[in-house]
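File shown: model_32.cif (mmCIF, C-alpha atoms).
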data_my_file
#
loop_
_atom_site.label_atom_id
_atom_site.label_comp_id
_atom_site.auth_asym_id
_atom_site.auth_seq_id
_atom_site.Cartn_x
_atom_site.Cartn_y
_atom_site.Cartn_z
CA MET A 1 -63.60 39.03 -75.69
CA THR A 2 -62.46 36.85 -78.61
CA VAL A 3 -62.19 33.86 -76.31
CA GLY A 4 -65.71 34.53 -75.05
CA LEU A 5 -67.10 34.66 -78.56
CA LEU A 6 -65.22 31.48 -79.48
CA ILE A 7 -66.47 29.59 -76.43
CA MET A 8 -70.07 30.66 -76.93
CA GLY A 9 -69.85 29.84 -80.62
CA LEU A 10 -68.40 26.43 -79.82
CA LEU A 11 -71.14 25.74 -77.25
CA ALA A 12 -73.86 26.78 -79.68
CA ALA A 13 -72.37 24.65 -82.46
CA VAL A 14 -72.12 21.55 -80.25
CA PHE A 15 -75.67 21.96 -78.96
CA GLY A 16 -76.94 22.65 -82.46
CA LEU A 17 -75.38 19.42 -83.73
CA LEU A 18 -76.90 17.53 -80.79
CA LEU A 19 -80.38 18.92 -81.49
CA GLY A 20 -80.01 18.26 -85.20
CA TYR A 21 -79.13 14.65 -84.48
CA ALA A 22 -82.05 14.31 -82.05
CA ALA A 23 -84.45 15.76 -84.62
CA VAL A 24 -83.38 13.13 -87.16
CA ARG A 25 -83.24 10.28 -84.64
CA PHE A 26 -86.68 10.99 -83.14
CA ARG A 27 -88.42 12.05 -86.34
CA VAL A 28 -92.21 11.60 -86.26
CA GLU A 29 -94.00 10.57 -89.45
CA GLY A 30 -97.41 12.18 -89.84
CA ASP A 31 -99.51 12.88 -86.79
CA PRO A 32 -99.89 9.85 -84.49
CA VAL A 33 -102.78 11.50 -82.63
CA VAL A 34 -104.86 11.50 -85.82
CA ASP A 35 -104.18 7.76 -86.23
CA GLN A 36 -105.28 7.06 -82.67
CA ILE A 37 -108.47 9.09 -83.11
CA GLU A 38 -109.22 7.42 -86.42
CA SER A 39 -108.84 3.96 -84.92
CA LEU A 40 -111.71 4.81 -82.54
CA LEU A 41 -114.05 5.97 -85.29
CA PRO A 42 -116.41 3.34 -86.75
CA GLN A 43 -115.06 3.63 -90.33
CA THR A 44 -118.52 3.82 -91.85
CA GLN A 45 -117.33 6.75 -94.02
CA CYS A 46 -120.93 7.97 -93.78
CA ALA A 47 -120.03 11.69 -93.72
CA GLN A 48 -122.78 12.43 -91.20
CA CYS A 49 -120.18 14.34 -89.17
CA GLY A 50 -119.94 16.89 -91.98
CA TYR A 51 -116.55 15.68 -93.18
CA PRO A 52 -116.01 13.48 -96.24
CA GLY A 53 -114.96 10.47 -94.17
CA CYS A 54 -113.57 9.17 -90.92
CA ARG A 55 -109.98 10.24 -91.62
CA PRO A 56 -110.85 13.90 -92.36
CA TYR A 57 -113.06 13.95 -89.26
CA ALA A 58 -110.18 12.56 -87.16
CA GLU A 59 -107.93 15.31 -88.55
CA ALA A 60 -110.57 17.92 -87.73
CA ILE A 61 -110.83 16.64 -84.13
CA ALA A 62 -107.06 16.64 -83.76
CA SER A 63 -106.77 20.22 -84.97
CA GLY A 64 -109.61 21.33 -82.69
CA GLU A 65 -111.92 22.24 -85.58
CA ALA A 66 -114.60 19.67 -84.79
CA GLU A 67 -116.18 18.48 -81.55
CA ILE A 68 -116.04 14.82 -80.57
CA ASN A 69 -119.86 14.45 -80.61
CA GLN A 70 -120.49 14.46 -84.36
CA CYS A 71 -120.35 10.74 -85.10
CA PRO A 72 -123.79 9.06 -84.90
CA PRO A 73 -122.62 5.53 -85.88
CA GLY A 74 -120.04 5.64 -83.08
CA GLY A 75 -122.76 6.71 -80.66
CA ASP A 76 -122.29 7.34 -76.97
CA ALA A 77 -119.68 4.60 -76.63
CA GLY A 78 -117.60 6.19 -79.38
CA ILE A 79 -117.85 9.64 -77.80
CA LYS A 80 -116.78 8.23 -74.47
CA ALA A 81 -113.76 6.48 -76.01
CA LEU A 82 -112.73 9.72 -77.76
CA ALA A 83 -113.17 11.71 -74.54
CA ASP A 84 -110.96 9.21 -72.69
CA LEU A 85 -108.29 9.38 -75.35
CA LEU A 86 -108.20 13.16 -75.52
CA GLY A 87 -108.75 13.83 -71.83
CA ARG A 88 -111.96 15.77 -72.41
CA GLU A 89 -115.40 15.59 -70.89
CA PRO A 90 -117.84 13.22 -72.65
CA MET A 91 -120.81 15.03 -74.23
CA GLU A 92 -124.15 14.23 -75.81
CA LEU A 93 -124.31 13.30 -79.49
CA ASN A 94 -125.02 16.40 -81.55
CA PRO A 95 -128.58 15.90 -82.89
CA GLU A 96 -127.72 17.93 -86.02
CA ASN A 97 -125.50 15.08 -87.18
CA GLY A 98 -128.20 12.43 -86.80
CA GLU A 99 -129.02 9.86 -84.16
CA GLU A 100 -127.55 6.58 -83.06
CA LYS A 101 -129.32 3.50 -84.37
CA PRO A 102 -128.54 -0.21 -84.75
CA ARG A 103 -126.27 -1.09 -87.64
CA GLU A 104 -128.07 -1.64 -90.94
CA VAL A 105 -126.92 -2.85 -94.32
CA ALA A 106 -128.17 -1.81 -97.74
CA VAL A 107 -129.91 -4.37 -99.93
CA ILE A 108 -130.61 -3.84 -103.63
CA ILE A 109 -134.00 -5.07 -104.77
CA GLU A 110 -132.57 -6.78 -107.78
CA LYS A 111 -135.62 -7.01 -110.01
CA TRP A 112 -135.96 -3.20 -109.94
CA CYS A 113 -132.30 -2.41 -110.54
CA ILE A 114 -131.65 -0.83 -113.95
CA GLY A 115 -127.85 -1.05 -113.78
CA CYS A 116 -127.16 2.68 -113.75
CA THR A 117 -123.98 2.41 -111.58
CA LEU A 118 -124.90 5.61 -109.67
CA CYS A 119 -124.87 3.78 -106.34
CA ILE A 120 -121.48 2.25 -107.13
CA GLN A 121 -120.03 5.73 -107.51
CA ALA A 122 -121.65 6.89 -104.28
CA CYS A 123 -120.44 4.00 -102.12
CA PRO A 124 -117.47 5.15 -100.01
CA VAL A 125 -116.27 1.62 -99.23
CA ASP A 126 -116.76 -0.07 -102.65
CA ALA A 127 -119.29 -2.50 -101.23
CA ILE A 128 -121.49 -2.55 -104.34
CA SER A 129 -120.52 -4.71 -107.28
CA GLY A 130 -122.03 -4.56 -110.74
CA ALA A 131 -121.51 -3.02 -114.14
CA SER A 132 -123.32 -0.69 -116.51
CA LYS A 133 -126.70 -2.14 -117.63
CA ARG A 134 -126.06 -5.14 -115.38
CA MET A 135 -127.77 -5.85 -112.11
CA HIS A 136 -125.91 -4.59 -109.01
CA THR A 137 -125.66 -6.19 -105.63
CA VAL A 138 -124.37 -5.20 -102.18
CA ILE A 139 -121.56 -7.15 -100.55
CA ALA A 140 -123.13 -7.33 -97.11
CA ALA A 141 -119.88 -7.97 -95.27
CA GLU A 142 -118.40 -4.74 -96.67
CA CYS A 143 -121.47 -2.51 -96.27
CA THR A 144 -121.17 -0.02 -93.40
CA GLY A 145 -124.81 1.11 -93.54
CA CYS A 146 -123.94 4.72 -94.37
CA GLU A 147 -127.04 5.22 -96.58
CA LEU A 148 -125.06 7.27 -99.08
CA CYS A 149 -126.29 5.04 -101.92
CA LEU A 150 -129.98 5.78 -101.24
CA PRO A 151 -130.29 9.33 -102.66
CA PRO A 152 -128.59 8.75 -106.05
CA CYS A 153 -130.70 5.67 -106.95
CA PRO A 154 -133.17 6.80 -109.67
CA VAL A 155 -135.60 3.91 -109.11
CA ASP A 156 -135.41 3.70 -105.29
CA CYS A 157 -134.45 0.05 -105.40
CA ILE A 158 -132.14 0.13 -102.37
CA GLU A 159 -133.51 -0.44 -98.92
CA MET A 160 -131.91 -0.63 -95.50
CA VAL A 161 -132.39 -3.80 -93.46
CA PRO A 162 -131.06 -4.52 -89.96
CA ALA A 163 -127.62 -6.07 -90.07
CA GLU A 164 -127.29 -9.72 -89.11
CA SER A 165 -126.62 -9.68 -85.41
CA GLU A 166 -123.07 -10.34 -84.39
CA THR A 167 -121.76 -10.66 -80.88
CA GLU A 168 -120.78 -6.99 -80.95
CA SER A 169 -123.98 -5.55 -82.40
CA TRP A 170 -126.57 -7.76 -80.69
CA ARG A 171 -128.78 -5.94 -78.19
CA TYR A 172 -131.55 -7.11 -75.95
CA PRO A 173 -134.87 -6.44 -77.68
CA ARG A 174 -136.77 -3.53 -76.20
CA PRO A 175 -139.04 -4.66 -73.34
CA LEU A 176 -142.71 -4.55 -74.33
CA GLN A 177 -144.43 -1.52 -72.89
CA PRO A 178 -148.20 -1.79 -72.19
CA LEU A 179 -149.07 0.19 -75.33
CA ASP A 180 -146.64 -1.80 -77.45
CA ARG A 181 -148.17 -4.97 -76.09
CA LEU A 182 -151.65 -3.76 -77.07
CA VAL A 183 -150.44 -2.97 -80.56
CA ALA A 184 -148.75 -6.35 -80.81
CA GLU A 185 -151.89 -8.13 -79.66
CA ALA A 186 -154.05 -6.14 -82.08
CA ALA A 187 -151.68 -6.99 -84.92
CA GLU A 188 -151.84 -10.63 -83.93
CA ALA A 189 -155.62 -10.62 -83.77
CA LEU A 190 -155.80 -9.08 -87.23
CA GLY A 191 -153.48 -11.80 -88.48
CA MET B 1 -75.28 12.03 -45.44
CA GLU B 2 -74.61 15.46 -46.84
CA TYR B 3 -75.96 14.35 -50.22
CA LEU B 4 -79.14 13.04 -48.60
CA LEU B 5 -79.55 16.37 -46.83
CA ILE B 6 -79.20 18.25 -50.12
CA LEU B 7 -81.96 16.10 -51.59
CA ILE B 8 -84.30 16.49 -48.61
CA SER B 9 -83.59 20.20 -48.45
CA ALA B 10 -84.43 20.72 -52.12
CA VAL B 11 -87.59 18.60 -52.00
CA TRP B 12 -89.13 19.66 -48.70
CA VAL B 13 -87.41 22.41 -46.77
CA ASN B 14 -86.38 24.78 -49.54
CA ASN B 15 -89.09 23.70 -51.95
CA PHE B 16 -88.66 25.71 -55.11
CA VAL B 17 -92.32 26.45 -55.69
CA LEU B 18 -93.70 27.05 -52.22
CA VAL B 19 -90.69 28.38 -50.33
CA LYS B 20 -88.51 30.02 -52.96
CA PHE B 21 -91.50 30.93 -55.18
CA LEU B 22 -89.76 29.93 -58.40
CA GLY B 23 -91.53 28.28 -61.34
CA LEU B 24 -94.99 29.59 -60.54
CA CYS B 25 -96.01 29.85 -64.20
CA PRO B 26 -96.43 26.10 -64.89
CA PHE B 27 -97.53 25.66 -61.26
CA MET B 28 -100.67 27.68 -62.08
CA GLY B 29 -100.86 26.87 -65.79
CA VAL B 30 -100.64 23.08 -65.96
CA SER B 31 -102.34 22.18 -62.68
CA ASN B 32 -105.89 21.80 -63.99
CA LYS B 33 -105.63 18.03 -64.42
CA VAL B 34 -103.56 15.44 -62.60
CA ASP B 35 -102.62 13.67 -65.84
CA SER B 36 -101.06 16.70 -67.49
CA ALA B 37 -99.52 17.81 -64.17
CA PHE B 38 -97.80 14.44 -63.89
CA GLY B 39 -96.53 14.63 -67.47
CA MET B 40 -95.28 18.14 -66.88
CA SER B 41 -93.52 17.01 -63.70
CA VAL B 42 -91.65 14.25 -65.51
CA ALA B 43 -90.66 16.57 -68.38
CA THR B 44 -89.51 19.26 -65.96
CA ALA B 45 -87.62 16.73 -63.84
CA PHE B 46 -85.69 15.60 -66.88
CA VAL B 47 -84.91 19.14 -68.01
CA LEU B 48 -83.96 20.30 -64.50
CA THR B 49 -81.57 17.44 -63.83
CA VAL B 50 -79.92 17.57 -67.25
CA ALA B 51 -79.68 21.36 -67.27
CA SER B 52 -78.27 21.33 -63.74
CA VAL B 53 -75.50 18.88 -64.62
CA VAL B 54 -74.63 20.39 -68.00
CA SER B 55 -74.64 23.92 -66.58
CA TYR B 56 -72.23 22.79 -63.90
CA LEU B 57 -69.92 21.20 -66.50
CA VAL B 58 -70.06 24.28 -68.73
CA HIS B 59 -69.33 26.56 -65.80
CA ARG B 60 -66.59 24.45 -64.29
CA TYR B 61 -64.70 23.41 -67.43
CA LEU B 62 -65.41 26.21 -69.91
CA LEU B 63 -66.25 29.46 -68.14
CA VAL B 64 -63.97 29.29 -65.09
CA PRO B 65 -60.72 28.30 -66.88
CA PHE B 66 -61.16 31.10 -69.43
CA GLU B 67 -62.35 33.61 -66.79
CA LEU B 68 -65.66 34.06 -68.56
CA GLU B 69 -67.94 33.96 -65.51
CA TYR B 70 -69.76 37.04 -66.77
CA LEU B 71 -71.21 34.84 -69.55
CA ARG B 72 -72.80 32.57 -66.94
CA THR B 73 -76.44 33.57 -67.42
CA VAL B 74 -76.29 33.53 -71.22
CA SER B 75 -74.60 30.16 -71.42
CA PHE B 76 -76.95 28.64 -68.83
CA ILE B 77 -79.96 29.86 -70.79
CA LEU B 78 -78.44 28.28 -73.89
CA VAL B 79 -78.03 24.98 -72.04
CA ILE B 80 -81.61 25.11 -70.73
CA ALA B 81 -83.07 25.94 -74.14
CA VAL B 82 -81.25 23.00 -75.69
CA ALA B 83 -82.39 20.63 -72.92
CA VAL B 84 -86.00 21.77 -73.35
CA GLN B 85 -85.88 21.45 -77.11
CA PHE B 86 -84.43 17.98 -76.78
CA THR B 87 -87.16 17.01 -74.31
CA GLU B 88 -89.83 18.31 -76.66
CA VAL B 89 -88.52 16.26 -79.56
CA VAL B 90 -88.43 13.15 -77.38
CA VAL B 91 -91.90 13.71 -75.88
CA ARG B 92 -93.41 14.30 -79.31
CA ARG B 93 -91.99 10.96 -80.39
CA THR B 94 -92.80 8.92 -77.28
CA SER B 95 -96.15 10.39 -76.19
CA PRO B 96 -97.95 12.51 -78.80
CA LEU B 97 -100.98 12.88 -76.54
CA LEU B 98 -98.91 14.25 -73.67
CA HIS B 99 -97.30 16.60 -76.19
CA ARG B 100 -100.77 17.84 -77.13
CA LEU B 101 -101.92 18.14 -73.51
CA LEU B 102 -98.88 20.13 -72.41
CA GLY B 103 -99.04 22.32 -75.50
CA ILE B 104 -97.25 25.62 -75.08
CA PHE B 105 -96.14 24.81 -71.53
CA LEU B 106 -93.58 22.31 -72.78
CA PRO B 107 -91.45 24.89 -74.67
CA LEU B 108 -92.17 27.28 -71.82
CA ILE B 109 -90.08 25.12 -69.46
CA THR B 110 -87.28 27.24 -70.96
CA THR B 111 -88.61 30.26 -69.13
CA ASN B 112 -89.35 28.32 -65.95
CA CYS B 113 -87.27 30.34 -63.52
CA ALA B 114 -86.77 27.28 -61.31
CA VAL B 115 -84.50 25.78 -63.98
CA LEU B 116 -82.25 28.81 -64.29
CA GLY B 117 -82.54 29.27 -60.53
CA VAL B 118 -81.13 25.81 -59.81
CA ALA B 119 -78.25 26.33 -62.24
CA LEU B 120 -77.32 29.68 -60.70
CA LEU B 121 -77.74 28.46 -57.11
CA ASN B 122 -75.41 25.54 -57.87
CA VAL B 123 -72.71 28.02 -58.80
CA GLN B 124 -73.48 30.31 -55.90
CA GLN B 125 -73.32 27.49 -53.34
CA SER B 126 -70.23 26.00 -55.08
CA HIS B 127 -71.72 22.51 -55.40
CA ASN B 128 -69.65 19.76 -57.03
CA LEU B 129 -70.95 17.61 -59.89
CA LEU B 130 -72.89 15.09 -57.79
CA GLN B 131 -74.24 17.80 -55.54
CA SER B 132 -75.42 19.76 -58.57
CA ALA B 133 -77.15 16.72 -60.01
CA LEU B 134 -78.82 15.93 -56.68
CA TYR B 135 -79.84 19.54 -56.15
CA GLY B 136 -81.39 19.69 -59.62
CA PHE B 137 -83.10 16.34 -59.17
CA GLY B 138 -84.36 17.30 -55.70
CA ALA B 139 -85.74 20.58 -57.02
CA ALA B 140 -87.48 18.66 -59.79
CA VAL B 141 -88.99 16.12 -57.39
CA GLY B 142 -90.18 18.94 -55.12
CA PHE B 143 -91.64 20.81 -58.08
CA GLY B 144 -93.36 17.70 -59.46
CA MET B 145 -94.75 16.68 -56.10
CA ILE B 146 -96.24 20.12 -55.46
CA LEU B 147 -97.62 20.27 -58.99
CA VAL B 148 -99.39 16.90 -58.68
CA LEU B 149 -100.68 17.63 -55.16
CA PHE B 150 -101.95 21.02 -56.25
CA SER B 151 -103.63 19.69 -59.39
CA ALA B 152 -105.34 16.96 -57.35
CA MET B 153 -106.70 19.66 -55.06
CA ARG B 154 -107.81 21.78 -57.99
CA GLU B 155 -109.70 18.84 -59.46
CA ARG B 156 -111.62 18.56 -56.20
CA ILE B 157 -112.16 22.30 -55.94
CA ALA B 158 -113.62 22.27 -59.45
CA ALA B 159 -116.48 20.15 -58.12
CA ALA B 160 -116.85 21.98 -54.78
CA PRO B 161 -119.41 24.72 -54.09
CA VAL B 162 -117.04 27.72 -54.07
CA PRO B 163 -118.52 31.18 -53.34
CA VAL B 164 -118.85 33.23 -56.55
CA ALA B 165 -116.27 35.79 -55.48
CA PHE B 166 -113.61 33.10 -55.00
CA GLN B 167 -114.26 31.02 -58.11
CA GLY B 168 -111.52 30.25 -60.62
CA PRO B 169 -107.99 31.59 -60.16
CA ALA B 170 -108.85 33.26 -56.83
CA ILE B 171 -109.46 30.01 -54.97
CA ALA B 172 -106.43 28.46 -56.73
CA LEU B 173 -104.18 31.23 -55.44
CA ILE B 174 -105.62 30.92 -51.93
CA THR B 175 -105.00 27.17 -52.03
CA ALA B 176 -101.42 27.75 -53.17
CA GLY B 177 -100.95 30.21 -50.31
CA LEU B 178 -102.23 27.70 -47.77
CA MET B 179 -99.90 25.04 -49.18
CA ALA B 180 -96.99 27.46 -48.92
CA LEU B 181 -97.94 28.15 -45.28
CA ALA B 182 -97.95 24.41 -44.58
CA PHE B 183 -94.51 24.03 -46.15
CA MET B 184 -93.14 26.84 -43.99
CA GLY B 185 -93.49 24.26 -41.21
CA PHE B 186 -90.37 22.52 -42.57
CA THR B 187 -88.22 25.62 -42.08
CA GLY B 188 -85.09 24.86 -40.09
CA PHE B 189 -85.27 21.07 -40.47
CA VAL B 190 -82.10 21.11 -42.54
CA ASP B 191 -79.48 23.81 -42.22
CA LEU B 192 -77.48 24.02 -45.43
#
I need this file expressed as structure tokens, please.
Amino acid sequence: MTVGLLIMGLLAAVFGLLLGYAAVRFRVEGDPVVDQIESLLPQTQCAQCGYPGCRPYAEAIASGEAEINQCPPGGDAGIKALADLLGREPMELNPENGEEKPREVAVIIEKWCIGCTLCIQACPVDAISGASKRMHTVIAAECTGCELCLPPCPVDCIEMVPAESETESWRYPRPLQPLDRLVAEAAEALG
Amino acid sequence: MEYLLILISAVWVNNFVLVKFLGLCPFMGVSNKVDSAFGMSVATAFVLTVASVVSYLVHRYLLVPFELEYLRTVSFILVIAVAVQFTEVVVRRTSPLLHRLLGIFLPLITTNCAVLGVALLNVQQSHNLLQSALYGFGAAVGFGMILVLFSAMRERIAAAPVPVAFQGPAIALITAGLMALAFMGFTGFVDL
């Protein structure tokens, strides 16, 4: 009886020490799955998914709160990459979150800008430089095209223009459909 | 030769899932996708082999000398639980995605009766250390092979036009039954 208790206690103690060592040796910092998901998101920080940024959205996907089809900037390619990573079926982009479109950048029409700094506060990636009562400008290379600076601007001096095409973002122009061609010809005729 | 026979017997002839009907829980639970089935097979193989060897050592060098054979089941379960916990820690570190895919089935290897079954059968058939290791490894290979085969079939069945009455678990169980029938064909190949 006593021997039995001793032996079992000894076994449990040895195994406990082993597990304790393994837990320290193989410790995992944070959640690596969230990092992998986040690396597939476009990092526009546009909040169209309903979360404040790409990192919170990645956390929501990892915990099963959010679906993988809520990221319009990532588009179909992004959804497919997420589905591959997580072993799920790809799905259509959720129209409630917006639609996929070519990358754009914000441009401040400088002669209208009153220097209110509201857009600077709204920008999630600090791509707008300027100071109070001084003209602002957008650092095009930093701008993710999230459009979050448009609503706060009191004088509507920010507009979205298509981003300069890079090898990654360049697409074939849409083929001219008969109606489009008519419109184009009419526009040409009118000068 | 005898060692080879033990291996073949455990993998094919006395397959733990289809002939001895042990370890059916993960067999049904983790066989929806080949990827997760493969991960589960590797995890189970590791646990089975380690648990088999350590159980043998515990039995041979701790329980028998002190005449504590009546503590066999308890101590084996302790060994298995530790092996599973260790595997979980390692899998979480090395493959977080696999850890997520396997979910609850990873800790549930503890209750996989094939693992305890192998440990107890080792004692019952008085295997030595190498035989125990081979028996555990063979059981694991057999289990993994069946799991991957079955999950591959289930992936195909998912896309096949199955009659309404047979959809879901029903057709899976029928498939498992047919596989078990096929494996009965190996009966008598090895006499151990």
Where does chain B meet chain A within 9 Å, residue by residue, with the nearest atom pair and distance in Å to one decimal for each, counting all atoms listed in the file, listed by chain and rising number, as a Markdown table?
| residue | atom | partner | partner_atom | distance |
| --- | --- | --- | --- | --- |
| B:Asp35 | CA | A:Gly87 | CA | 8.6 |
| B:Val58 | CA | A:Leu11 | CA | 8.7 |
| B:Leu62 | CA | A:Ile7 | CA | 7.4 |
| B:Leu63 | CA | A:Ile7 | CA | 8.3 |
| B:Phe66 | CA | A:Val3 | CA | 7.5 |
| B:Glu67 | CA | A:Gly4 | CA | 9.0 |
| B:Leu68 | CA | A:Gly4 | CA | 6.5 |
| B:Leu71 | CA | A:Gly4 | CA | 7.8 |
| B:Val74 | CA | A:Met8 | CA | 8.9 |
| B:Ser75 | CA | A:Met8 | CA | 7.2 |
| B:Leu78 | CA | A:Ala12 | CA | 7.5 |
| B:Val79 | CA | A:Phe15 | CA | 7.9 |
| B:Val82 | CA | A:Phe15 | CA | 6.6 |
| B:Ala83 | CA | A:Leu19 | CA | 9.0 |
| B:Gln85 | CA | A:Leu19 | CA | 7.5 |
| B:Phe86 | CA | A:Leu19 | CA | 6.3 |
| B:Val89 | CA | A:Ala23 | CA | 6.5 |
| B:Val90 | CA | A:Phe26 | CA | 6.4 |
| B:Arg92 | CA | A:Val28 | CA | 7.6 |
| B:Arg93 | CA | A:Val28 | CA | 5.9 |
| B:Thr94 | CA | A:Phe26 | CA | 8.7 |
| B:Pro96 | CA | A:Val33 | CA | 6.2 |
| B:Leu97 | CA | A:Val33 | CA | 6.5 |
| B:Arg100 | CA | A:Val33 | CA | 8.6 |
| B:Leu101 | CA | A:Gly87 | CA | 8.2 |
Task: Non-local contacts of segment 129-138 of chain A (6 Å; only C-alpha atoms; under 2 positions in same chain excluded) as a PyMOL selection string - done: chain A and resi 108+113+115-117+127+140
Open item on the list: Rounded to one decimal, what separation in Å do you get between atom CA of Val118 of chain B and atom CA of Leu106 of chain B?
Closed with: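 Atom-to-atom, atom CA of Val118 of chain B to atom CA of Leu106 of chain B, that is 18.3 Å.
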Open item on the list: When you look at Ile109 of chain A with a cut-off of 9 Å (counting only C-alpha atoms), what residues show up, excluding the ones that are within fewer than 5 positions of it in the same chain? I need them as a list of chain:residue names.
Closed with: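 The filter keeps A:Thr137, A:Asp156, A:Cys157, A:Ile158, A:Glu159.
Taking all atoms listed in the file into account, Asn15 of chain B lies nearest to B:Ile146 out of the set B:Val42, B:Leu178, B:Ile146, B:Ala152.
In this comparison, which uses all atoms listed in the file, the residue of A:Ile139, A:Cys149, A:Leu40, A:Val14 approaching Ala83 of chain A most closely is A:Leu40.
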Only N, CA, C and O atoms, please: segment 65-79 of chain A from the block, as a PDB file, in the first residue's frame.
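Listed below is the output, out-v8.pdb:
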ATOM      1  N   GLU A  65     -14.637  34.619 -34.719  1.00  0.00           N
ATOM      2  CA  GLU A  65     -15.704  35.627 -34.631  1.00  0.00           C
ATOM      3  C   GLU A  65     -16.119  36.112 -36.012  1.00  0.00           C
ATOM      4  O   GLU A  65     -17.288  36.325 -36.267  1.00  0.00           O
ATOM      5  N   ALA A  66     -15.116  36.331 -36.881  1.00  0.00           N
ATOM      6  CA  ALA A  66     -15.388  36.949 -38.179  1.00  0.00           C
ATOM      7  C   ALA A  66     -15.170  35.927 -39.287  1.00  0.00           C
ATOM      8  O   ALA A  66     -14.379  34.998 -39.152  1.00  0.00           O
ATOM      9  N   GLU A  67     -15.883  36.142 -40.404  1.00  0.00           N
ATOM     10  CA  GLU A  67     -15.666  35.315 -41.585  1.00  0.00           C
ATOM     11  C   GLU A  67     -14.447  35.838 -42.325  1.00  0.00           C
ATOM     12  O   GLU A  67     -13.958  36.932 -42.047  1.00  0.00           O
ATOM     13  N   ILE A  68     -13.969  35.047 -43.317  1.00  0.00           N
ATOM     14  CA  ILE A  68     -12.775  35.473 -44.040  1.00  0.00           C
ATOM     15  C   ILE A  68     -13.133  36.363 -45.230  1.00  0.00           C
ATOM     16  O   ILE A  68     -12.260  36.784 -45.959  1.00  0.00           O
ATOM     17  N   ASN A  69     -14.441  36.663 -45.437  1.00  0.00           N
ATOM     18  CA  ASN A  69     -14.827  37.392 -46.650  1.00  0.00           C
ATOM     19  C   ASN A  69     -15.201  38.838 -46.359  1.00  0.00           C
ATOM     20  O   ASN A  69     -16.088  39.390 -46.988  1.00  0.00           O
ATOM     21  N   GLN A  70     -14.540  39.473 -45.374  1.00  0.00           N
ATOM     22  CA  GLN A  70     -14.939  40.829 -45.016  1.00  0.00           C
ATOM     23  C   GLN A  70     -13.894  41.858 -45.385  1.00  0.00           C
ATOM     24  O   GLN A  70     -13.920  42.969 -44.879  1.00  0.00           O
ATOM     25  N   CYS A  71     -12.959  41.500 -46.257  1.00  0.00           N
ATOM     26  CA  CYS A  71     -11.875  42.436 -46.566  1.00  0.00           C
ATOM     27  C   CYS A  71     -11.920  42.839 -48.033  1.00  0.00           C
ATOM     28  O   CYS A  71     -11.359  42.153 -48.883  1.00  0.00           O
ATOM     29  N   PRO A  72     -12.591  43.971 -48.378  1.00  0.00           N
ATOM     30  CA  PRO A  72     -12.677  44.358 -49.789  1.00  0.00           C
ATOM     31  C   PRO A  72     -11.318  44.674 -50.431  1.00  0.00           C
ATOM     32  O   PRO A  72     -11.102  44.266 -51.574  1.00  0.00           O
ATOM     33  N   PRO A  73     -10.380  45.368 -49.760  1.00  0.00           N
ATOM     34  CA  PRO A  73      -9.108  45.631 -50.444  1.00  0.00           C
ATOM     35  C   PRO A  73      -8.359  44.350 -50.807  1.00  0.00           C
ATOM     36  O   PRO A  73      -7.677  44.285 -51.814  1.00  0.00           O
ATOM     37  N   GLY A  74      -8.484  43.315 -49.956  1.00  0.00           N
ATOM     38  CA  GLY A  74      -7.824  42.049 -50.270  1.00  0.00           C
ATOM     39  C   GLY A  74      -8.475  41.367 -51.465  1.00  0.00           C
ATOM     40  O   GLY A  74      -7.809  40.712 -52.247  1.00  0.00           O
ATOM     41  N   GLY A  75      -9.798  41.537 -51.572  1.00  0.00           N
ATOM     42  CA  GLY A  75     -10.517  40.991 -52.715  1.00  0.00           C
ATOM     43  C   GLY A  75     -10.534  39.475 -52.751  1.00  0.00           C
ATOM     44  O   GLY A  75     -10.213  38.817 -51.769  1.00  0.00           O
ATOM     45  N   ASP A  76     -10.880  38.953 -53.925  1.00  0.00           N
ATOM     46  CA  ASP A  76     -11.002  37.500 -54.076  1.00  0.00           C
ATOM     47  C   ASP A  76      -9.677  36.795 -53.823  1.00  0.00           C
ATOM     48  O   ASP A  76      -9.629  35.724 -53.214  1.00  0.00           O
ATOM     49  N   ALA A  77      -8.578  37.418 -54.288  1.00  0.00           N
ATOM     50  CA  ALA A  77      -7.269  36.777 -54.101  1.00  0.00           C
ATOM     51  C   ALA A  77      -6.962  36.635 -52.610  1.00  0.00           C
ATOM     52  O   ALA A  77      -6.461  35.601 -52.165  1.00  0.00           O
ATOM     53  N   GLY A  78      -7.293  37.704 -51.856  1.00  0.00           N
ATOM     54  CA  GLY A  78      -7.044  37.655 -50.415  1.00  0.00           C
ATOM     55  C   GLY A  78      -7.872  36.589 -49.733  1.00  0.00           C
ATOM     56  O   GLY A  78      -7.388  35.851 -48.868  1.00  0.00           O
ATOM     57  N   ILE A  79      -9.148  36.478 -50.134  1.00  0.00           N
ATOM     58  CA  ILE A  79     -10.027  35.471 -49.534  1.00  0.00           C
ATOM     59  C   ILE A  79      -9.489  34.072 -49.826  1.00  0.00           C
ATOM     60  O   ILE A  79      -9.464  33.205 -48.959  1.00  0.00           O
TER      61      ILE A  79
END
